[in-house]
Amino acid sequence: MTKVITGDKANDERIGEKVTHERLADGTPDFQKIENSEGFRELMRKKKSFLIPTTILFLGLYLLFNIVISYTDWLNASFIGDITWVWVFAFSLFAMTWILVTVYMKRAEKFDEMAKDTLKEFDYDEEENR
Amino acid sequence: MNATVIAIFVFIVGITLVITYFAAKRTNSASDFYTAGGGLTGWQNGLAIAGDYLSAASFLGIAGAIALFGFDGFLFSIGYLVAYLVVLFIVAEPLRNLGKYTLADMINARFNAKKVRGAAALSSITIVIFYMIAQLVGAGALIQLLFGIDYIWAVLLVGIMMTVYVLFGGMTATSWVQIIKAVLLMVGTVILSFLVLKNFNFNILEMFTQMKTATPHGEAFLSPGVRYTIPLDTISLMLALVLGTAGLPHILMRFFTVKDAKTARSSVMWATWIVGIFYVMTIFLGFGAAAFVGSDLITSTNPAGNMAAPLLAQALGGDVLMSFISAVAFATILAVVAGLVLTGASAFAHDIYGQIIKKGEASERQQMLAARYASLGVSAFSILLAIFAQSLNVAFLVSLAFCIAASANLPVIVYTIFWKRFNTTGAVSAIMTGLISALVLVSLSPSVMSPEAGAAIFVGDPLFPLTNPALLSVPLGFIGGWVGTMLSKEQDLKKYSEVNVRANTGGFRQL
């Protein structure tokens with residue numbers, strides 16, 4: 001069994017021999033090994049394939065809105081009665097924010113699971129080390 | 001000032017002092033002081049974020065701006081809200097996973113270099129000071145109007161209250177003042193919105209139709225272009241708002257008050273709903289004020305339109321509602337400035353004293369003392385500045401704070417989390433390039449130099465055309481970080497692996 005070194009004396013004594021981590025010779029966890037593990041790489045793939053397109057989408061729509069209202073009067077046409085498209089677009093950006101937050105909350109639960117599994121694989125117990 | 005105002009006012013101040021008393025008993029360590037022990041739940045922190053974020057500038061400023069400029073007054077709100085996606089997607093979780101008390105902690109989880117910490121503390125302090133002066137100047141002007149006392153006394157009143165909260169109750173008191181303020185603000189805004197909608201027969205279409213003829217702007221009131229007429233200027237300003245929130249140190253600090261990334265995430269969700277619904281309601285407040293108070297009365301009471309919401313309350317709900325809304329505005333100011341004091345103090349006491357001077361070896365007692373002295377210092381300094389800065393434009397100071405946050409803090413955060421090759425030199429140059437370019441460009445801009453005497457601080461032709469330089473200074477911050485990194489051979493891939501794993505899994509927090 002490897003002695004756990006967390007940099008926090010009281011904590012070290014508390015967890016003592018209960019948890020074993022894969023450690024390098026100097027006592028630190030082998031982060032490069034974790035980073036290159038299948039589990040972690042899959043987590044990063046999943047995360048990136050959600051975050052990159054959505055970030056481009058929301059920043060893009062936001063900038064588009066500002067460019068369109070600054071340079072054109074396209075959105076001044078009527079949507080219903082005296083409500084023009086500019087209000088519809090503005091409110092869509094609000095709705096977009098709420099929707100993306102909600103979707104991300106769901107996705108992130110899956111990311112949490114994956115992260116937990118990866119850490120477990122490397123013998124790291126989240127609760128013990130809090 | 002009548003008896004109702006005084007009663008409601010005393011009641012709110014009383015509640016916050018009781019909170020501070022109980023918070024003080026629970027504030028025994030540096031961790032309690034800076035992060036309320038890290039034990040806030042998602043909804044609590046979400047409300048506190050909203051309470052920290054929705055300043056008097058949002059409540060009174062945006063309602064007034066919509067009343068006076070229609071759609072253009074509402075424009076800022078879109079940026080303020082969409083910004084939370086940047087916070088949620090890029091910043092919140094890694095920050096919680098890597099940091100302890102401050103933004104500098106998070107960046108130093110990767111570099112552990114004094115100069116990086118110093119630069120991060122410097123940019124945090126700069127942002128806090130600009131934001132704080134804006135809030136205090138606005139508060140002074142507002143309380144002067146609401147209660148009829150002199151500007152100096154108004155600033156001192158707010159200043160002393162914020163100092164008391166932070167000094168004795170630390171983050172626990174500050175958080176609960178922010179939570180209560182957020183609830184009060186939502187209640188006040190819902191009541192006002194309801195009354196406005198009732199007067200429009202709960203018919204949104206009819207409201208829009210009436211607004212076409214209710215103001216001197218006519219139909220233009222409902223379209224962009226009444227206030228912001230220079231396209232690049234508008235785009236630059238809107239860029240500062242959407243990117244700046246994720247770099248505002250007092251907002252970032254709130255993520256250290258929760259136990260893990262999951263809670264940090266859910267607090268952003270709560271904040272997004274509260275802030276978003278609030279901004280939607282400011283449309284009703286603004287339209288209502290324009291229709292039922294009228295722009296003449298609004299501008300004659302305060303040229304910037306800051307009194308639109310209280311005047312609307314007076315018109316629709318009489319003295320009692322007006323008193324309530326004024327008290328809410330006061331609570332709003334207190335909650336925001338208390339958060340700012342705490343953030344400024346953390347940069348001085350934790351980053352500069354605790355980590356740079358004491359090299360992280362200060363005792364618990366020394367840390368607490370330093371935190372309290374720093375809170376006193378930050379409070380006193382900003383009260384003094386605010387007293388002399390009475391004539392500065394509040395909206396300009398706030399947008400400048402957002403611009404510095406976007407230019408100096410966001411690039412270094414993004415690089416720290418995502419860029420393998422990034423190094424110490426890059427971190428320092430990202431922060432300093434963003435900070436200096438934002439400050440220099442603003443001082444050459446039309447906000448500071450105007451050919452018209454009295455329109456800005458100096459008379460002369462502006463050397464830089466944009467009032468808010470984010471469009472140039474944010475890319476400069478990113479370029480600065482890249483060039484700095486490339487100029488130095490240093491790189492530590494092992495350390496990046498650690499940061500990458502910790503930021504994305506939330507594990508190994510004790511390291």
# chains A, B, ... in the order shown; residues from 1 in each chain; ligands from 1
$ closest_atom_pairs --of "chain A" --to "chain B" --cutoff "7 Å" --atoms "only C-alpha atoms" --output "CSV"
residue,atom,partner,partner_atom,distance
A:Thr6,CA,B:Leu511,CA,5.6
A:Gly7,CA,B:Leu511,CA,5.9
A:Asp8,CA,B:Gln510,CA,6.9
A:Phe31,CA,B:Glu498,CA,5.1
A:Gln32,CA,B:Ser497,CA,5.4
A:Glu35,CA,B:Ser497,CA,6.1
A:Leu51,CA,B:Phe89,CA,6.7
A:Asn66,CA,B:Ile235,CA,6.0
A:Ile67,CA,B:Ile235,CA,6.8
A:Ile69,CA,B:Pro224,CA,6.4
A:Ser70,CA,B:Pro231,CA,4.7
A:Tyr71,CA,B:Pro231,CA,6.2
A:Asn76,CA,B:Ser223,CA,6.4
A:Gly81,CA,B:Leu205,CA,6.6
A:Asp82,CA,B:Thr209,CA,5.6
A:Ile83,CA,B:Phe208,CA,6.3
A:Ala90,CA,B:Ile78,CA,6.9
A:Phe94,CA,B:Gly276,CA,6.9
A:Thr97,CA,B:Val82,CA,5.9
A:Trp98,CA,B:Trp273,CA,7.0
A:Val101,CA,B:Met269,CA,6.3
A:Ala115,CA,B:Thr505,CA,4.9
A:Glu126,CA,B:Gly507,CA,6.4
$ select_by_dssp --residues "region 6-121 of chain A" --states "alpha helix (DSSP H)" --output "JSON, numbers by chain"
{"A": [9, 10, 11, 12, 13, 14, 15, 31, 32, 33, 34, 35, 38, 39, 40, 41, 42, 43, 44, 45, 46, 47, 48, 49, 50, 51, 52, 53, 54, 55, 56, 57, 58, 59, 60, 61, 62, 63, 64, 65, 66, 67, 68, 69, 70, 71, 85, 86, 87, 88, 89, 90, 91, 92, 93, 94, 95, 96, 97, 98, 99, 100, 101, 102, 103, 104, 105, 106, 107, 108, 109, 110, 111, 112, 113, 114, 115, 116, 117, 118, 119, 120, 121]}
$ atom_distance --atom1 "CA of Ala313 (chain B)" --atom2 "CA of Asp52 (chain B)"
23.5 Å
$ closest_residue --among "B:Thr424, B:Gln491, B:Asn393, B:Thr35" --to "Ala304 (chain B)" --atoms "only C-alpha atoms"
B:Asn393
